[in-house]
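What follows is one structure encoded as structure tokens, with my remarks underneath.
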Amino acid sequence: MLVLGVESSCDEMAAAVVRDGREILSSCVHGQADVHGPYGGVVPELASRDHTRAVSRVVANALSEAGLAPEQLDGVAVTAGPGLVGSLLVGLSFGKALAYRMGLPVVGVHHLEGHLAATALAAPDLEPPYVGLVISGGHTALYRIESGRPPRLLGQTRDDAVGEAFDKVARLLGLPYPGGPAVSAAARAGSEVALKFPRPLLDRAGFDFSYSGLKTAVALEVERRGELSEEERADIAASFEAAAVEPLVVKARRALEAEGVGALAVVGGVAANRRLREEMGRAASAMGFRAVFPPSDLCTDNAAMIAAAGSALLARGEAHGLDLNSFSRVPVGSAPWSSGGAA
Ligand code: KG4
Ligand code: ZN
């Protein structure tokens, strides 16, 4: 089965072709760092306008890199939510129009279930049950993953997402957008013990996270110092990164123990973080669990993960009508687009 995936939930327009839910034939991503860079964050209206300009070219590239004509496809999978509604609508409308024109089934995919499906692409041998840690610009959550059932939420952030904290700290430090990779690069030259930033909820039972207190602590430190030297900037970045990563490792370990499972999949943009990969890798060796980290280009937003998740839905006979709509907020495991309407 050949499925075209289209993803445009935030500031990336992406298209990909995946065979049988496992084999990536092509994966194209058009980023917008140049569009949002001057503003230090995503400007939704500019994002959807740029998507409109890029969508047909990105989809055409994905098909030509896969060596396919549209009539050879078996289905189209598009992200329906959560995300920026204006951005989502561009990929969704294009996907629906293409499916209608070619007489193909179209299926709406939950963005976070897409991130989790990157695991199937990176580690096809990983059998559920396992724990999924989804860490992105909008989400920080732990799920129990079982075959044939929606992911079960174990815990999540009570305020900011960890990726959002990276992006805000980048802005405070005068580092370029997107913030995560910039903070991580700056941290390499700094000392993680230079400053002791808070690790909220670390000692509290359960699997919830909190990142707004950490962000505020960094803001106060930057304000107190005024003009930052290169060295100070690196030390703050390294100390922040250590404080952001530690709760992810501790709570994931706790969830694995509580759920009695031996494998963890880490997905979403922040899963590209080098320090997190190292620390989780060390925890995995010490505790004897398997840690799966998809390659970075499958962690940050991409359409191969959407095609993979959509392939599983299409294989189960699921397909949505042309009234398929986009939704800004959608709990994992629900698919409000199946019945139409907007939110
Ligand atoms: O999954 P993603 O591409 O988009 C969303 O669904 O949000 O995640 C983007 C987030 C951004 O907050 C970005 O700063 C963060 O992932 N990120 C990183 C790294 N690469 C991307 N955070 C820390 N270290 C990185 N290397
Ligand atoms: Zn994402």
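By convention in this document, the chains of the structure tokens carry letters A, B, ... by their order, each chain's residues are numbered from 1, and ligands are numbered from 1 in the order they are shown.
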Identify, with DSSP run on backbone atoms, the residues in segment 185-309 of chain A assigned to helix (DSSP H, G or I), and express the list as JSON, numbers by chain. {"A": [185, 186, 187, 212, 213, 214, 215, 216, 217, 218, 219, 220, 221, 222, 223, 224, 225, 230, 231, 232, 233, 234, 235, 236, 237, 238, 239, 240, 241, 242, 243, 244, 245, 246, 247, 248, 249, 250, 251, 252, 253, 254, 255, 256, 257, 258, 259, 269, 270, 271, 272, 274, 275, 276, 277, 278, 279, 280, 281, 282, 283, 284, 285, 286, 287, 296, 297, 298, 299, 304, 305, 306, 307, 308, 309]}
Give me the residues near Leu88 of chain A as an MDAnalysis selection string, where near means some atom within 12 Å (using only C-alpha atoms) and where sequence neighbours in that chain fewer than 2 positions away do not count. chainID A and resid 6:14 44:45 47:49 51:52 55 78:86 90:95 108:111 324:329 342
Export of prior selection with C-alpha atoms as a short mmCIF file (atom, residue, chain, number, x, y, z; two decimals), in the first residue's frame:
```cif
data_model
loop_
_atom_site.label_atom_id
_atom_site.label_comp_id
_atom_site.auth_asym_id
_atom_site.auth_seq_id
_atom_site.Cartn_x
_atom_site.Cartn_y
_atom_site.Cartn_z
CA VAL A 6 0.78 15.62 4.23
CA GLU A 7 1.65 17.56 7.41
CA SER A 8 1.22 21.31 7.94
CA SER A 9 0.16 21.69 11.60
CA CYS A 10 2.67 24.40 12.49
CA ASP A 11 5.55 25.96 10.55
CA GLU A 12 6.65 23.03 8.41
CA MET A 13 5.00 22.00 5.14
CA ALA A 14 5.87 18.34 4.66
CA PRO A 44 0.32 31.88 12.51
CA GLU A 45 -0.96 34.08 9.68
CA ALA A 47 2.74 30.33 8.48
CA SER A 48 -0.48 29.55 6.62
CA ARG A 49 0.34 31.99 3.81
CA HIS A 51 2.11 26.89 3.36
CA THR A 52 -0.21 27.98 0.56
CA VAL A 55 2.14 22.94 -0.68
CA VAL A 78 -3.30 14.33 6.36
CA THR A 79 -2.79 15.85 9.79
CA ALA A 80 -6.19 17.07 10.99
CA GLY A 81 -5.13 18.37 14.44
CA PRO A 82 -4.02 19.51 16.91
CA GLY A 83 -2.19 22.57 15.61
CA LEU A 84 -2.72 26.00 14.09
CA VAL A 85 -6.06 25.78 12.30
CA GLY A 86 -5.04 28.04 9.40
CA VAL A 90 -3.74 24.20 3.85
CA GLY A 91 -2.41 20.63 3.95
CA LEU A 92 -5.85 19.24 4.70
CA SER A 93 -7.55 21.00 1.79
CA PHE A 94 -4.78 20.04 -0.61
CA GLY A 95 -4.85 16.40 0.56
CA GLY A 108 -7.25 12.43 9.02
CA VAL A 109 -4.37 11.76 11.42
CA HIS A 110 -3.83 13.04 14.96
CA HIS A 111 -0.50 14.90 15.01
CA LEU A 324 -12.89 16.23 7.05
CA ASN A 325 -11.99 19.36 9.02
CA SER A 326 -9.08 20.71 11.08
CA PHE A 327 -9.11 21.04 14.87
CA SER A 328 -6.80 23.13 17.05
CA ARG A 329 -7.11 20.97 20.19
CA ALA A 342 -14.66 22.66 13.43
#
```
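For ligand 2, the neighbouring polymer residues at 9 Å or closer are Ser9, Cys10, Gly83, His111, Leu112, Gly114, His115, Val134, Ile135, Ser136, Gly137, Gly138, His139, Val267, Gly268, Gly269, Cys299, Thr300, Asp301 and Asn302 of chain A, only C-alpha atoms and all ligand atoms being used.
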Would you export the selected residues with N, CA and C atoms as a tab-separated table (two decimals), in the first residue's frame, please?
```
chain	number	residue	atom	x	y	z
A	9	SER	N	0.85	21.24	10.38
A	9	SER	CA	0.16	21.69	11.60
A	9	SER	C	0.78	22.95	12.20
A	10	CYS	N	2.04	23.22	11.88
A	10	CYS	CA	2.67	24.40	12.49
A	10	CYS	C	3.45	25.16	11.41
A	83	GLY	N	-3.15	21.67	16.24
A	83	GLY	CA	-2.19	22.57	15.61
A	83	GLY	C	-2.84	23.91	15.32
A	111	HIS	N	-1.92	14.55	15.12
A	111	HIS	CA	-0.50	14.90	15.01
A	111	HIS	C	0.37	14.10	16.01
A	112	LEU	N	-0.11	13.95	17.24
A	112	LEU	CA	0.72	13.24	18.25
A	112	LEU	C	0.77	11.75	17.96
A	114	GLY	N	0.79	10.66	15.04
A	114	GLY	CA	1.81	10.68	13.98
A	114	GLY	C	3.20	10.61	14.59
A	115	HIS	N	3.49	11.48	15.56
A	115	HIS	CA	4.81	11.45	16.22
A	115	HIS	C	5.09	10.05	16.77
A	134	VAL	N	6.28	11.83	24.43
A	134	VAL	CA	6.08	12.77	23.31
A	134	VAL	C	6.49	14.16	23.78
A	135	ILE	N	7.56	14.68	23.20
A	135	ILE	CA	8.09	15.97	23.65
A	135	ILE	C	8.29	16.88	22.43
A	136	SER	N	7.47	17.94	22.38
A	136	SER	CA	7.53	18.82	21.21
A	136	SER	C	7.32	20.26	21.64
A	137	GLY	N	7.05	21.13	20.66
A	137	GLY	CA	6.82	22.53	20.98
A	137	GLY	C	5.49	22.74	21.69
A	138	GLY	N	4.57	21.81	21.55
A	138	GLY	CA	3.26	21.98	22.16
A	138	GLY	C	2.90	20.92	23.19
A	139	HIS	N	3.70	19.85	23.29
A	139	HIS	CA	3.32	18.73	24.15
A	139	HIS	C	4.49	18.15	24.93
A	267	VAL	N	9.75	10.54	21.15
A	267	VAL	CA	9.42	11.17	19.86
A	267	VAL	C	9.07	12.64	20.04
A	268	GLY	N	9.00	13.37	18.93
A	268	GLY	CA	8.73	14.82	18.96
A	268	GLY	C	10.04	15.58	18.83
A	269	GLY	N	9.94	16.86	18.48
A	269	GLY	CA	11.13	17.65	18.17
A	269	GLY	C	12.22	17.61	19.23
A	299	CYS	N	11.98	12.85	14.20
A	299	CYS	CA	11.51	13.39	15.48
A	299	CYS	C	10.84	14.74	15.29
A	300	THR	N	11.50	15.63	14.54
A	300	THR	CA	10.87	16.92	14.26
A	300	THR	C	9.76	16.69	13.22
A	301	ASP	N	8.89	17.70	13.07
A	301	ASP	CA	7.71	17.50	12.23
A	301	ASP	C	8.08	17.04	10.82
A	302	ASN	N	7.39	16.00	10.37
A	302	ASN	CA	7.64	15.43	9.04
A	302	ASN	C	6.36	14.72	8.61
```
Quick one: everything within 7 Å of Ala118 of chain A, counting only C-alpha atoms, minus sequence neighbours fewer than 5 positions away in the same chain. Send it as a PyMOL selection string. chain A and resi 294+298+305
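Look at segment 283-287 of chain A: the protein and nucleic acid residues within 12 Å of it, using only C-alpha atoms and passing over chain neighbours fewer than 5 places away, are Glu246, Leu248, Val249, Val250, Lys251, Ala252, Arg253, Arg254, Leu256, Glu257, Val261, Gly262, Ala263, Leu264, Ala265, Leu276, Arg277, Glu278, Val292 and Phe293 of chain A.
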When you count only C-alpha atoms and all ligand atoms, which of these residues is closest to ligand 1: A:Ser64, A:Ser210, A:Thr119, A:Thr140? A:Thr140
If you count only C-alpha atoms, which residues fall within 6 Å of Val59 of chain A, apart from same-chain ones fewer than 3 positions away, as a ChimeraX atom specification? /A:15,56,62
Please produce an output containing N, CA, C and O atoms for each residue in the selection, written as a compact mmCIF listing (two decimals), in the first residue's frame.
```
# COMPACT_ATOMS: atom_id res chain seq x y z
N ALA A 15 5.62 16.61 3.01
CA ALA A 15 4.92 15.56 2.27
C ALA A 15 5.86 14.37 2.15
O ALA A 15 7.08 14.55 2.07
N SER A 56 1.90 22.75 -3.13
CA SER A 56 1.87 21.92 -4.34
C SER A 56 3.28 21.48 -4.72
O SER A 56 3.49 20.35 -5.16
N ALA A 62 7.68 15.19 -3.28
CA ALA A 62 7.59 13.90 -2.57
C ALA A 62 7.23 12.80 -3.56
O ALA A 62 7.78 11.69 -3.51
```
